[in-house]
Amino acid sequence: MAHTTDSTARVRPENTIEAGVRTLHCLFGMLHHQQKDELCRNCKSFAVTLEAARKKLIETEACVTNWSGGESARALMLSIYGVLGDIVEPEHPAAQRKTGACSLPNGLCMLKEIARLAGCAEFLD
């Protein structure tokens, strides 16, 4: 019985909103970190993921704003905005994998994988 109660708690809208915000927080943190990597910060995937994350952030912001119980989610949103202000969009992003510069295994992009976990798949190319 306890497992059923736990499962029910996990699918409540407030848990979904908070989980979404936490995952977005992770994604923006990763974007912020990866911009220090010369290849990642100039990659087309970085630019695409950043744009997808921004779109998802706008969607999520409306949910958090209308949610009465999310102090921790609001705090994470403020943190995201602080990090977002420090992320520089690449001026001329290049498809690093196509140029042979990317050393990750074929078909793997850490940023895009985290973006998918954050629910940004619909915004990725």
# chains A, B, ... in the order shown; residues from 1 in each chain; ligands from 1
call {"tool": "select_by_dssp", "arguments": {"residues": "chain A", "states": "helix (DSSP H, G or I)", "output": "number ranges by chain"}}
result
A: 2-10, 13-34, 38-41, 44-65, 71-84, 96-99, 110-117, 121-123
call {"tool": "residues_around", "arguments": {"residues": "segment 107-117 of chain A", "least_positions_apart": "5", "cutoff": "12 Å", "atoms": "only C-alpha atoms", "output": "ChimeraX atom specification"}}
result
/A:19-35,39-41,43-57,95-98,102,122-125
call {"tool": "atom_distance", "arguments": {"atom1": "atom CA of Ser79 of chain A", "atom2": "atom CA of Cys120 of chain A"}}
result
18.9 Å
